[in-house]
Structure formats: C-alpha cells, structure tokens
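Next up, start_12.tsv (TSV, C-alpha atoms and all ligand atoms):
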chain	number	residue	atom	x	y	z
A	1	MET	CA	-3.29	-30.53	1.25
A	2	THR	CA	-3.60	-33.80	3.15
A	3	GLN	CA	-4.78	-33.14	6.68
A	4	ARG	CA	-2.23	-33.65	9.47
A	5	ALA	CA	-2.79	-33.75	13.20
A	6	THR	CA	0.68	-32.49	14.05
A	7	THR	CA	3.13	-29.82	12.92
A	8	ALA	CA	5.19	-30.68	9.80
A	9	ARG	CA	8.87	-30.53	10.76
A	10	SER	CA	10.76	-31.95	7.77
A	11	LEU	CA	10.77	-32.09	3.97
A	12	ASN	CA	9.30	-35.56	4.31
A	13	ASP	CA	6.40	-34.26	6.44
A	14	LEU	CA	5.75	-31.51	3.88
A	15	VAL	CA	5.72	-34.06	1.03
A	16	GLU	CA	3.30	-36.26	2.97
A	17	ALA	CA	1.07	-33.25	3.61
A	18	GLY	CA	1.11	-32.41	-0.12
A	19	ALA	CA	2.93	-29.10	0.40
A	20	LEU	CA	5.94	-30.26	-1.68
A	21	PRO	CA	6.20	-32.69	-4.61
A	22	ARG	CA	7.87	-36.06	-3.94
A	23	ALA	CA	10.80	-34.97	-6.17
A	24	ALA	CA	11.72	-32.45	-3.47
A	25	LEU	CA	13.20	-35.33	-1.45
A	26	ASP	CA	15.84	-35.88	-4.16
A	27	ASP	CA	16.83	-32.21	-4.44
A	28	PRO	CA	20.28	-31.71	-2.83
A	29	VAL	CA	19.84	-27.91	-2.69
A	30	LEU	CA	16.58	-28.23	-0.80
A	31	ALA	CA	18.20	-30.77	1.52
A	32	ARG	CA	20.91	-28.19	2.31
A	33	VAL	CA	18.27	-25.50	2.95
A	34	ALA	CA	16.38	-27.84	5.29
A	35	ASN	CA	19.62	-28.58	7.10
A	36	ASP	CA	20.52	-24.89	7.51
A	37	TYR	CA	17.11	-23.45	8.44
A	38	VAL	CA	14.58	-25.20	10.66
A	39	ILE	CA	11.11	-26.17	9.37
A	40	ALA	CA	7.77	-26.08	11.23
A	41	VAL	CA	4.32	-25.64	9.70
A	42	THR	CA	1.22	-26.10	11.87
A	43	PRO	CA	-1.77	-28.16	10.64
A	44	GLU	CA	-3.84	-24.94	10.51
A	45	LEU	CA	-1.41	-23.38	8.02
A	46	LEU	CA	-1.06	-26.57	5.96
A	47	GLU	CA	-4.81	-26.56	5.56
A	48	LEU	CA	-4.75	-22.93	4.44
A	49	MET	CA	-2.21	-23.51	1.66
A	50	ASP	CA	-3.54	-23.48	-1.84
A	51	GLY	CA	-0.60	-24.20	-4.14
A	52	PRO	CA	3.21	-24.15	-4.20
A	53	PRO	CA	5.35	-21.37	-2.68
A	54	GLU	CA	5.71	-19.71	-6.13
A	55	HIS	CA	1.96	-19.07	-6.27
A	56	ASP	CA	0.50	-19.20	-2.79
A	57	PRO	CA	1.25	-16.44	-0.25
A	58	ILE	CA	0.77	-18.78	2.72
A	59	ALA	CA	3.00	-21.56	1.36
A	60	ARG	CA	5.63	-18.99	0.39
A	61	GLN	CA	6.00	-17.89	4.02
A	62	PHE	CA	6.55	-21.38	5.46
A	63	VAL	CA	7.57	-23.96	2.83
A	64	PRO	CA	11.32	-23.98	2.08
A	65	THR	CA	12.55	-23.31	-1.45
A	66	ALA	CA	15.91	-23.59	-3.20
A	67	HIS	CA	16.09	-19.75	-3.29
A	68	GLU	CA	17.15	-19.89	0.36
A	69	ALA	CA	20.46	-21.46	-0.66
A	70	THR	CA	21.47	-18.13	-2.27
A	71	THR	CA	23.18	-15.73	0.10
A	72	THR	CA	24.67	-12.34	-0.80
A	73	PRO	CA	27.63	-10.70	0.97
A	74	ALA	CA	25.32	-7.98	2.36
A	75	GLU	CA	23.14	-10.54	4.15
A	76	LEU	CA	23.90	-11.16	7.80
A	77	ALA	CA	23.44	-13.88	10.41
A	78	ASP	CA	22.21	-11.21	12.86
A	79	PRO	CA	20.72	-8.54	10.58
A	80	ILE	CA	19.25	-6.25	13.24
A	81	GLY	CA	22.28	-6.45	15.52
A	82	ASP	CA	20.77	-8.20	18.56
A	83	HIS	CA	24.21	-9.41	19.61
A	84	ALA	CA	25.66	-5.89	19.58
A	85	HIS	CA	23.13	-4.93	22.27
A	86	ALA	CA	22.97	-8.18	24.24
A	87	ALA	CA	23.36	-7.06	27.85
A	88	VAL	CA	23.02	-10.43	29.59
A	89	LYS	CA	21.72	-13.69	28.14
A	90	GLY	CA	18.11	-13.17	27.01
A	91	ILE	CA	18.21	-9.35	27.17
A	92	VAL	CA	18.71	-6.98	24.22
A	93	HIS	CA	19.04	-3.37	25.41
A	94	ARG	CA	19.03	-1.14	22.34
A	95	TYR	CA	17.03	1.93	23.47
A	96	PRO	CA	17.31	3.56	26.91
A	97	ASP	CA	13.70	3.11	28.10
A	98	ARG	CA	12.95	-0.43	26.90
A	99	VAL	CA	14.47	-3.88	26.58
A	100	LEU	CA	13.73	-7.09	24.74
A	101	LEU	CA	13.40	-10.12	26.97
A	102	LYS	CA	13.87	-13.36	25.00
A	103	PRO	CA	13.04	-16.30	27.27
A	104	LEU	CA	13.13	-18.87	24.47
A	105	HIS	CA	13.90	-19.28	20.78
A	106	ALA	CA	11.22	-21.80	19.81
A	107	CYS	CA	8.27	-20.81	17.58
A	108	PRO	CA	5.07	-22.60	16.52
A	109	VAL	CA	6.13	-22.10	12.88
A	110	TYR	CA	9.41	-21.11	11.28
A	111	CYS	CA	9.04	-18.31	8.76
A	112	ARG	CA	11.29	-18.57	5.71
A	113	PHE	CA	12.13	-14.84	5.92
A	114	CYS	CA	12.77	-14.71	9.69
A	115	PHE	CA	15.27	-12.06	10.83
A	116	ARG	CA	16.36	-14.39	13.67
A	117	ARG	CA	16.40	-17.52	11.51
A	118	GLU	CA	19.91	-18.42	12.67
A	119	GLN	CA	18.91	-18.19	16.34
A	120	VAL	CA	15.42	-19.75	16.40
A	121	GLY	CA	14.58	-23.44	16.41
A	122	PRO	CA	13.63	-26.22	18.79
A	123	GLY	CA	17.31	-26.50	19.79
A	124	GLY	CA	17.67	-22.71	20.06
A	125	GLU	CA	18.79	-21.37	23.40
A	126	ALA	CA	16.11	-21.07	26.11
A	127	LEU	CA	16.79	-19.45	29.45
A	128	ASP	CA	17.06	-21.79	32.41
A	129	ASP	CA	15.86	-20.61	35.84
A	130	ALA	CA	19.17	-19.01	36.81
A	131	GLU	CA	19.49	-17.24	33.46
A	132	LEU	CA	15.91	-15.98	33.64
A	133	ASP	CA	16.59	-14.67	37.16
A	134	ALA	CA	19.71	-12.88	35.88
A	135	ALA	CA	17.74	-11.34	32.98
A	136	LEU	CA	14.99	-10.18	35.35
A	137	GLY	CA	17.68	-8.87	37.72
A	138	TYR	CA	19.12	-6.77	34.89
A	139	ILE	CA	15.71	-5.13	34.40
A	140	ALA	CA	15.17	-4.71	38.16
A	141	ALA	CA	18.47	-2.85	38.50
A	142	ARG	CA	17.59	-0.26	35.84
A	143	PRO	CA	14.74	2.09	36.79
A	144	GLN	CA	14.87	3.76	33.37
A	145	ILE	CA	13.32	0.63	31.81
A	146	TRP	CA	9.68	1.57	31.29
A	147	GLU	CA	8.67	-1.12	28.78
A	148	VAL	CA	9.65	-4.78	28.44
A	149	ILE	CA	9.04	-6.46	25.09
A	150	VAL	CA	8.84	-10.20	25.62
A	151	THR	CA	9.77	-11.89	22.36
A	152	GLY	CA	11.92	-14.77	21.16
A	153	GLY	CA	11.19	-17.07	19.46
A	154	ASP	CA	7.59	-16.91	20.53
A	155	PRO	CA	6.82	-16.31	24.22
A	156	PHE	CA	3.35	-17.86	23.90
A	157	MET	CA	5.12	-21.21	23.39
A	158	LEU	CA	5.93	-21.09	27.11
A	159	SER	CA	3.65	-22.92	29.49
A	160	PRO	CA	1.10	-20.62	31.15
A	161	ARG	CA	2.88	-21.37	34.46
A	162	ARG	CA	6.23	-20.09	33.20
A	163	LEU	CA	4.52	-17.14	31.49
A	164	SER	CA	2.80	-16.27	34.80
A	165	ARG	CA	6.14	-16.35	36.57
A	166	ILE	CA	7.63	-13.88	34.08
A	167	VAL	CA	4.60	-11.57	34.22
A	168	ALA	CA	4.61	-11.60	38.04
A	169	ALA	CA	8.34	-10.89	38.23
A	170	LEU	CA	8.09	-7.96	35.79
A	171	ASP	CA	4.94	-6.71	37.46
A	172	ALA	CA	6.73	-6.53	40.80
A	173	LEU	CA	9.05	-3.87	39.35
A	174	ALA	CA	7.36	-0.50	39.90
A	175	HIS	CA	9.28	1.15	37.03
A	176	VAL	CA	7.95	-1.34	34.43
A	177	ALA	CA	4.73	0.24	33.17
A	178	VAL	CA	4.24	-1.80	30.00
A	179	ILE	CA	4.79	-5.48	29.18
A	180	ARG	CA	4.44	-6.17	25.47
A	181	PHE	CA	4.36	-9.71	24.09
A	182	HIS	CA	5.14	-10.40	20.45
A	183	SER	CA	3.68	-13.63	19.11
A	184	ARG	CA	2.66	-15.57	16.02
A	185	VAL	CA	0.59	-17.97	18.15
A	186	PRO	CA	-2.84	-16.26	18.04
A	187	VAL	CA	-2.77	-16.48	14.23
A	188	VAL	CA	-0.95	-19.76	13.49
A	189	ASP	CA	-1.81	-21.88	16.54
A	190	PRO	CA	-4.88	-20.18	18.04
A	191	THR	CA	-5.94	-23.04	20.33
A	192	ARG	CA	-3.00	-22.07	22.57
A	193	VAL	CA	-4.88	-18.85	23.39
A	194	ASN	CA	-6.78	-20.51	26.21
A	195	ASP	CA	-8.08	-19.42	29.62
A	196	GLU	CA	-4.75	-20.17	31.35
A	197	LEU	CA	-2.76	-18.03	28.93
A	198	ILE	CA	-5.23	-15.16	29.22
A	199	ALA	CA	-5.25	-15.42	33.03
A	200	ALA	CA	-1.44	-15.18	33.02
A	201	LEU	CA	-1.58	-11.97	30.98
A	202	LYS	CA	-4.48	-10.45	32.91
A	203	ALA	CA	-2.83	-10.87	36.30
A	204	ALA	CA	-0.55	-7.87	35.76
A	205	ARG	CA	-0.81	-4.39	37.24
A	206	ALA	CA	1.30	-3.12	34.33
A	207	ALA	CA	-0.39	-2.57	30.97
A	208	VAL	CA	-0.06	-5.75	28.90
A	209	TYR	CA	-0.11	-5.45	25.11
A	210	VAL	CA	0.04	-8.27	22.58
A	211	GLY	CA	1.63	-7.68	19.18
A	212	VAL	CA	0.62	-10.33	16.65
A	213	HIS	CA	2.61	-11.16	13.53
A	214	CYS	CA	0.38	-11.53	10.46
A	215	ASN	CA	1.24	-10.92	6.80
A	216	HIS	CA	-1.84	-11.85	4.79
A	217	ALA	CA	-5.60	-11.56	5.39
A	218	ARG	CA	-6.01	-15.28	4.67
A	219	GLU	CA	-4.08	-16.04	7.88
A	220	LEU	CA	-7.01	-14.57	9.81
A	221	THR	CA	-9.11	-17.72	9.71
A	222	PRO	CA	-12.25	-18.04	11.86
A	223	ALA	CA	-10.14	-19.86	14.49
A	224	ALA	CA	-7.49	-17.12	14.45
A	225	ARG	CA	-10.14	-14.38	14.71
A	226	ALA	CA	-11.70	-16.26	17.64
A	227	GLY	CA	-8.31	-16.41	19.40
A	228	LEU	CA	-7.83	-12.67	18.87
A	229	ALA	CA	-11.37	-12.01	20.10
A	230	ARG	CA	-10.63	-13.94	23.32
A	231	LEU	CA	-7.67	-11.63	23.96
A	232	ALA	CA	-9.59	-8.47	23.03
A	233	ASP	CA	-12.61	-9.49	25.14
A	234	ALA	CA	-10.23	-9.93	28.07
A	235	GLY	CA	-9.32	-6.25	27.66
A	236	ILE	CA	-5.83	-6.84	26.21
A	237	PRO	CA	-4.92	-4.25	23.56
A	238	LEU	CA	-3.78	-5.87	20.31
A	239	LEU	CA	-1.25	-4.55	17.78
A	240	SER	CA	0.04	-6.09	14.59
A	241	GLN	CA	3.42	-6.41	12.99
A	242	SER	CA	3.63	-7.37	9.33
A	243	VAL	CA	6.61	-7.88	7.06
A	244	LEU	CA	6.47	-6.56	3.51
A	245	LEU	CA	7.32	-9.61	1.41
A	246	ARG	CA	7.64	-10.10	-2.31
A	247	GLY	CA	5.14	-12.70	-3.51
A	248	VAL	CA	3.18	-12.56	-0.24
A	249	ASN	CA	1.78	-9.07	0.26
A	250	ASP	CA	3.58	-6.78	-2.22
A	251	SER	CA	0.42	-5.30	-3.72
A	252	VAL	CA	-1.82	-2.52	-2.53
A	253	ASP	CA	-4.91	-4.75	-2.75
A	254	VAL	CA	-3.38	-7.45	-0.53
A	255	LEU	CA	-2.10	-4.93	2.03
A	256	GLU	CA	-5.45	-3.15	2.06
A	257	ALA	CA	-7.27	-6.43	2.73
A	258	LEU	CA	-4.75	-7.33	5.46
A	259	PHE	CA	-5.02	-4.05	7.37
A	260	ARG	CA	-8.82	-3.93	7.07
A	261	ALA	CA	-9.06	-7.53	8.33
A	262	LEU	CA	-6.76	-6.77	11.27
A	263	VAL	CA	-8.71	-3.68	12.34
A	264	ALA	CA	-12.00	-5.60	11.98
A	265	ALA	CA	-10.47	-8.21	14.33
A	266	ARG	CA	-9.68	-5.39	16.83
A	267	VAL	CA	-5.96	-5.45	16.04
A	268	ARG	CA	-4.37	-2.04	15.41
A	269	PRO	CA	-1.78	-2.19	12.57
A	270	TYR	CA	1.45	-1.03	14.19
A	271	TYR	CA	4.48	-1.75	12.01
A	272	LEU	CA	4.98	-2.77	8.39
A	273	HIS	CA	8.60	-3.95	8.38
A	274	HIS	CA	10.83	-3.61	5.37
A	275	PRO	CA	12.37	-7.10	5.07
A	276	ASP	CA	15.64	-7.53	6.96
A	277	MET	CA	18.96	-8.61	5.45
A	278	ALA	CA	18.73	-12.16	6.81
A	279	ARG	CA	20.72	-14.78	4.91
A	280	GLY	CA	18.91	-16.61	2.11
A	281	THR	CA	15.94	-14.21	2.01
A	282	GLY	CA	16.73	-12.09	-1.09
A	283	HIS	CA	13.76	-13.51	-2.99
A	284	PHE	CA	11.43	-11.85	-0.45
A	285	ARG	CA	12.95	-8.36	-0.62
A	286	LEU	CA	11.52	-5.29	-2.37
A	287	SER	CA	13.20	-1.92	-2.81
A	288	ILE	CA	12.38	0.90	-0.41
A	289	ASP	CA	10.97	2.84	-3.40
A	290	GLU	CA	8.49	0.00	-4.01
A	291	GLY	CA	7.53	-0.05	-0.34
A	292	GLN	CA	6.98	3.70	-0.26
A	293	ALA	CA	4.81	3.54	-3.40
A	294	LEU	CA	2.62	0.94	-1.69
A	295	MET	CA	2.31	3.04	1.47
A	296	ARG	CA	1.41	6.11	-0.64
A	297	ALA	CA	-1.33	4.16	-2.40
A	298	LEU	CA	-2.70	2.91	0.94
A	299	ARG	CA	-2.93	6.45	2.32
A	300	GLY	CA	-5.69	7.26	-0.16
A	301	ARG	CA	-7.58	4.04	0.42
A	302	LEU	CA	-7.58	3.44	4.18
A	303	SER	CA	-8.39	5.44	7.28
A	304	GLY	CA	-5.60	6.33	9.68
A	305	LEU	CA	-6.70	3.51	11.96
A	306	CYS	CA	-5.61	1.02	9.30
A	307	GLN	CA	-2.19	2.62	8.57
A	308	PRO	CA	0.92	1.02	10.11
A	309	THR	CA	4.26	2.81	10.22
A	310	TYR	CA	6.60	1.55	7.50
A	311	VAL	CA	9.93	0.89	9.23
A	312	LEU	CA	13.37	-0.48	8.55
A	313	ASP	CA	15.72	-1.94	11.14
A	314	ILE	CA	19.06	-0.43	10.22
A	315	PRO	CA	21.53	-3.31	9.79
A	316	GLY	CA	24.13	-3.55	12.54
A	317	GLY	CA	21.85	-2.74	15.48
A	318	HIS	CA	21.22	0.98	14.92
A	319	GLY	CA	17.50	0.57	15.60
A	320	LYS	CA	14.28	1.11	13.68
A	321	SER	CA	13.57	4.16	11.55
A	322	PRO	CA	10.34	5.11	9.79
A	323	ILE	CA	11.14	5.17	6.08
A	324	GLY	CA	8.33	7.17	4.64
A	325	PRO	CA	6.97	8.12	2.30
A	326	ASN	CA	7.53	11.81	2.93
A	327	TYR	CA	4.61	14.19	2.33
A	328	VAL	CA	6.57	17.43	2.82
A	329	ALA	CA	8.42	18.95	-0.18
A	330	ASP	CA	10.56	22.11	-0.59
A	331	ALA	CA	8.95	23.07	-3.89
A	332	GLY	CA	6.80	26.09	-3.01
A	333	PRO	CA	7.20	29.77	-3.92
A	334	ASP	CA	9.98	31.48	-1.89
A	335	GLY	CA	11.22	28.04	-0.89
A	336	ARG	CA	8.11	27.46	1.25
A	337	ARG	CA	7.35	23.86	1.99
A	338	MET	CA	4.54	22.12	0.18
A	339	ILE	CA	2.41	19.26	1.44
A	340	THR	CA	1.41	16.31	-0.77
A	341	ASP	CA	-2.18	15.13	-0.45
A	342	TYR	CA	-3.34	11.54	-0.70
A	343	GLN	CA	-3.81	11.87	-4.47
A	344	GLY	CA	-0.24	13.10	-5.01
A	345	ASP	CA	-1.12	16.80	-5.52
A	346	LEU	CA	1.04	19.49	-3.87
A	347	HIS	CA	-0.45	22.27	-1.70
A	348	ASP	CA	1.05	25.42	-0.25
A	349	CYS	CA	-0.26	25.45	3.31
A	350	ALA	CA	1.44	28.75	4.25
A	351	HIS	CA	2.37	27.44	7.68
A	352	GLU	CA	5.83	29.05	7.74
B	401	LIG	S1	7.49	-16.48	14.38
B	401	LIG	FE1	8.84	-14.68	14.41
B	401	LIG	S2	10.75	-15.38	15.41
B	401	LIG	FE2	9.57	-17.22	14.84
B	401	LIG	S3	10.32	-17.80	12.81
B	401	LIG	FE3	8.57	-16.46	12.43
B	401	LIG	S4	9.47	-14.39	12.24
B	401	LIG	FE4	11.02	-15.71	13.22

Spit out the file's structure as structure tokens when you get a sec.
Ligand code: SF4
Amino acid sequence: MTQRATTARSLNDLVEAGALPRAALDDPVLARVANDYVIAVTPELLELMDGPPEHDPIARQFVPTAHEATTTPAELADPIGDHAHAAVKGIVHRYPDRVLLKPLHACPVYCRFCFRREQVGPGGEALDDAELDAALGYIAARPQIWEVIVTGGDPFMLSPRRLSRIVAALDALAHVAVIRFHSRVPVVDPTRVNDELIAALKAARAAVYVGVHCNHARELTPAARAGLARLADAGIPLLSQSVLLRGVNDSVDVLEALFRALVAARVRPYYLHHPDMARGTGHFRLSIDEGQALMRALRGRLSGLCQPTYVLDIPGGHGKSPIGPNYVADAGPDGRRMITDYQGDLHDCAHE
C-alpha cells in the first residue's frame, strides 16, 4: 500500500492508497455500495493490508466490495432491534439492569459487516447537549440501572472533555456501578489513547471497563498493543469483542492466534459474535453449525482464559443468547446425562 497521512474516505482514496485497482472507479456496482455504506480506513490499517479483500483478512473488513450490493429479504436495516428498545434518543434499554448510551454514531473506521451500518457515519446522529442531558436524565431516573454501556459509533471519537463530562455525570449516579466503553479506537487508531483519554476514564468512582473490537491477531500491531498497555497499566480492565467472519477469522488457527494475542495483551476475550443479519453482509456469514465446530475445536486448544462466549443477537431486539456448543447429552444408560470432553468423547459423570 502507498502510505497515507489521513484516513481514506472514498473509493478514490482507496485507489490512491493501492487498496483498490483503478478499474474500481468505473464499477457502477461499487459506486452504489460506496454511496449506500460509508467508507473510512485509517492509515494504520491501510499499512497493514497485504492484498485485496478476497485474500487479505484486514482488507476484507474495511475495503468495500460488490458483494455488499446483494441484499436478501431476511437482512434488516436494524438487525439487533435497537429501535424497538430506544427509550429516548441515544438510549437503548433492552435488559432491566443495563442500558446502552450512544452519544455519537461516528467511528474511526467503518467495518463492512457492521450491524449498525445504516446508522453510523460522519453524518450519523450525535447527541447535542440537551439530548445528552435527556439521555443522562433517563438513567438518573431509573435506580435499577446498574451498568451503562457507552457505545455508538465509537465513544473514543469524542473529545476527552466531552468524555469526561459523560463519565462525571454517570459517576454522580450512585446506582451506576459499572461504566463500560466499547471501542475500535485502541486497535485501529491507537494514538487517540493518550493521557487525556485515560484521565477521563480514571476519574470515575464506578468501575470502568473497556471492550475492544478486534477480529484478527494482525490488528494487534506494536502500536495497538502499546495503546492497550497504556489502558491496562492505568488499571482499566480490558475485554474483547470479535465477530466471526467468513474470510477473516473462520478457521481454528486464526481464532486461536487472535485469542492468544488478546490475552497476551491483557485483554480478556469476552464475546465471539455470530454475524448479524445486516444488509449486504451475506458474504461474511457462516452457519451456526460451522461456528459451533470452531468453538469445539478451540476448547481443546486454549485455556479457559482465552475462551469467549459464542453469542447471537436474536434478530428483532430479543437480546443476546449463547449458542453453544452444548457439552451435555441425554445419551447415557437409564437416560442419564453424559458430558462431552474436549476431544469429543462422552462420559457418564453420575451426577444425577
Ligand atoms: S467500529 Fe463498530 S460501530 Fe463502527 S463501523 Fe465498526 S462495527 Fe460498526
């Protein structure tokens, strides 16, 4: 790739960076994709790319392809049902004890498989002061809210000053015990993890967690690992969220390398998401059977510390469910339940 100083935000930028061939500019399908779904690829990621989206797991996550023009009837504009649980602007209240707070919809990069791809973008809605106050007021009025998940978009795109204001306002609510940020920034734009950002997070009385989105071990460059280390050294617990994606991480070797690299960077693998039914993302999806087979293979290879929970967000807003695999079978003598070990062998544990 040709080095760039700034984020690529168009097909033209991607051609100039060498991430797409010049012929891409004459492709009407690709032009439609670029019109429908926003593009952003940081210089760090452009430098990491090593081939076209068909062959390179980094390019595949961020460089648009004509596949995105194909939409099936089952795919949805809002696949996890955020709108069904939108309480006030910027708040999604799906479970009784926690809410999502979405102060903005901008991201440092735009992932081609994003479940909020029809909401995010530089022009995506951001909360103004009055709307942010109303969202914080909603949380203040509900003492059952124990955890606030600040997401978006990417909350680490906010200025440290605005981030501090949100942390202070949440921290002033005695019933909020946990503030969890979800961000791609520490991996894709690690220079943003600076002293001001860390000071904003550290100021809280509540426990502050950071969940980082990372799908391939190659994303954990020395700069990304240094950004994560700055957060970990500041005492901020780190979790990961990864999306299982065809052509990116759909092999046991790639997943093993990813989860080992995350744990070595002091990031605890938390969720492996089955891909959502977002429009134009069918080329990324695997079957649940394939996902379960991968998780089964990982069980034998990695310690529990490296094992995320494999989850699916049920379309329509019904929440997340763990989707296996299941290690308990009803195959024993007298109908007793049998337990499958990590090699696939069944054992009668005589627990019942
Ligand atoms: S960083 Fe998250 S919200 Fe932003 S485009 Fe990627 S998946 Fe979507």

Check your understanding: Which one is closest to Leu312 of chain A: A:Met49, A:Met157, A:Ile80, A:Ala130? Count all atoms listed in the file.
Key ->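 Once distances to Leu312 of chain A are computed over all atoms listed in the file, the minimum belongs to A:Ile80.
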
Select from chain A every residue with an atom at most 6 Å from any atom of ligand LIG 401 (chain B), then for each give the shortest pair of atoms and their distance in Å to one decimal, using only C-alpha atoms and all ligand atoms, rows by chain and rising number, as CSV.
residue,atom,partner,partner_atom,distance
A:Cys107,CA,B:LIG401,FE2,4.7
A:Val109,CA,B:LIG401,S1,6.0
A:Tyr110,CA,B:LIG401,S3,3.8
A:Cys111,CA,B:LIG401,FE3,4.1
A:Cys114,CA,B:LIG401,FE4,4.1
A:Arg116,CA,B:LIG401,FE4,5.5
A:Arg117,CA,B:LIG401,FE4,5.9
A:Gly152,CA,B:LIG401,S2,5.9
A:Gly153,CA,B:LIG401,S2,4.4
A:Arg184,CA,B:LIG401,S1,5.2

Output C-alpha atoms of each residue in that selection to a file, as a compact mmCIF listing (two decimals), in the frame of the given file.
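Saved to out.txt:
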# COMPACT_ATOMS: atom_id res chain seq x y z
CA CYS A 107 8.27 -20.81 17.58
CA VAL A 109 6.13 -22.10 12.88
CA TYR A 110 9.41 -21.11 11.28
CA CYS A 111 9.04 -18.31 8.76
CA CYS A 114 12.77 -14.71 9.69
CA ARG A 116 16.36 -14.39 13.67
CA ARG A 117 16.40 -17.52 11.51
CA GLY A 152 11.92 -14.77 21.16
CA GLY A 153 11.19 -17.07 19.46
CA ARG A 184 2.66 -15.57 16.02

Point to revise | All residues 12 Å or closer to Ala31 of chain A, only C-alpha atoms, same chain fewer than 4 positions away omitted, as JSON, numbers by chain | key: {"A": [10, 11, 12, 23, 24, 25, 26, 27, 35, 36, 37, 38, 39, 64, 65, 66, 68, 69]}

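Atom CA of Val243 of chain A to atom CA of Cys214 of chain A spans 8.0 Å [interatomic distance, one decimal].
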
Review point. Which residue, A:Leu104, A:Leu305, A:Glu290, A:Ile58, has the smallest gap to Val263 of chain A when you use only C-alpha atoms?
Key: A:Leu305

Contacts of Leu132 of chain A at 9 Å (all atoms listed in the file; same-chain gap of 2+ positions) as a PDB file with C-alpha atoms, in the coordinates of the input:
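Result saved to result_22.pdb:
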ATOM      1  CA  LYS A  89      21.720 -13.690  28.140  1.00  0.00           C
ATOM      2  CA  GLY A  90      18.110 -13.170  27.010  1.00  0.00           C
ATOM      3  CA  PRO A 103      13.040 -16.300  27.270  1.00  0.00           C
ATOM      4  CA  LEU A 127      16.790 -19.450  29.450  1.00  0.00           C
ATOM      5  CA  ASP A 128      17.060 -21.790  32.410  1.00  0.00           C
ATOM      6  CA  ASP A 129      15.860 -20.610  35.840  1.00  0.00           C
ATOM      7  CA  ALA A 130      19.170 -19.010  36.810  1.00  0.00           C
ATOM      8  CA  ALA A 134      19.710 -12.880  35.880  1.00  0.00           C
ATOM      9  CA  ALA A 135      17.740 -11.340  32.980  1.00  0.00           C
ATOM     10  CA  LEU A 136      14.990 -10.180  35.350  1.00  0.00           C
ATOM     11  CA  GLY A 137      17.680  -8.870  37.720  1.00  0.00           C
ATOM     12  CA  ILE A 166       7.630 -13.880  34.080  1.00  0.00           C
TER      13      ILE A 166
END

Study note, to complete from the structure: From the list A:Ala172, A:Ala203, A:Ala293, A:Val212, the nearest residue to Pro155 of chain A using all atoms listed in the file is A:Val212

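Put simply, atom CA of Leu302 of chain A is 22.4 Å away from atom CA of Ser321 of chain A.
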
Check your understanding: Could you pull the residues within 8 Å of Tyr271 of chain A, counting all atoms listed in the file, minus those fewer than 4 positions along the same chain, as a count of residues only?
Key -> 7

Check your understanding: Which residue gives the smallest distance to Glu196 of chain A among A:Ala217, A:Pro160, A:Glu44, A:Arg225, with all atoms listed in the file counted?
Key ->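 Closest to Glu196 of chain A of all the choices is A:Pro160.
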
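Closest to Gly291 of chain A among A:Gly324, A:Gly317, A:Pro269, A:Gly335 is A:Gly324, based on all atoms listed in the file.
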
Practice item. Just the residues within 10 Å of Asp276 of chain A, please, counting all atoms listed in the file, with nothing from its chain fewer than 5 positions along; format it as a ChimeraX atom specification. Key: /A:75-76,78-80,113-116,243-244,281-282,284-285,312-315

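Compared by their closest atoms to Tyr270 of chain A, and using all atoms listed in the file, the residues A:Arg32, A:Gly227, A:Leu220, A:Pro322 rank with A:Pro322 nearest.
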
**Study point:** Residue neighbourhood Leu346 of chain A, 10 Å, only C-alpha atoms, exclusion window fewer than 3 positions, as a VMD selection string
**Key:** chain A and resid 327 to 329 331 to 332 337 to 343 349
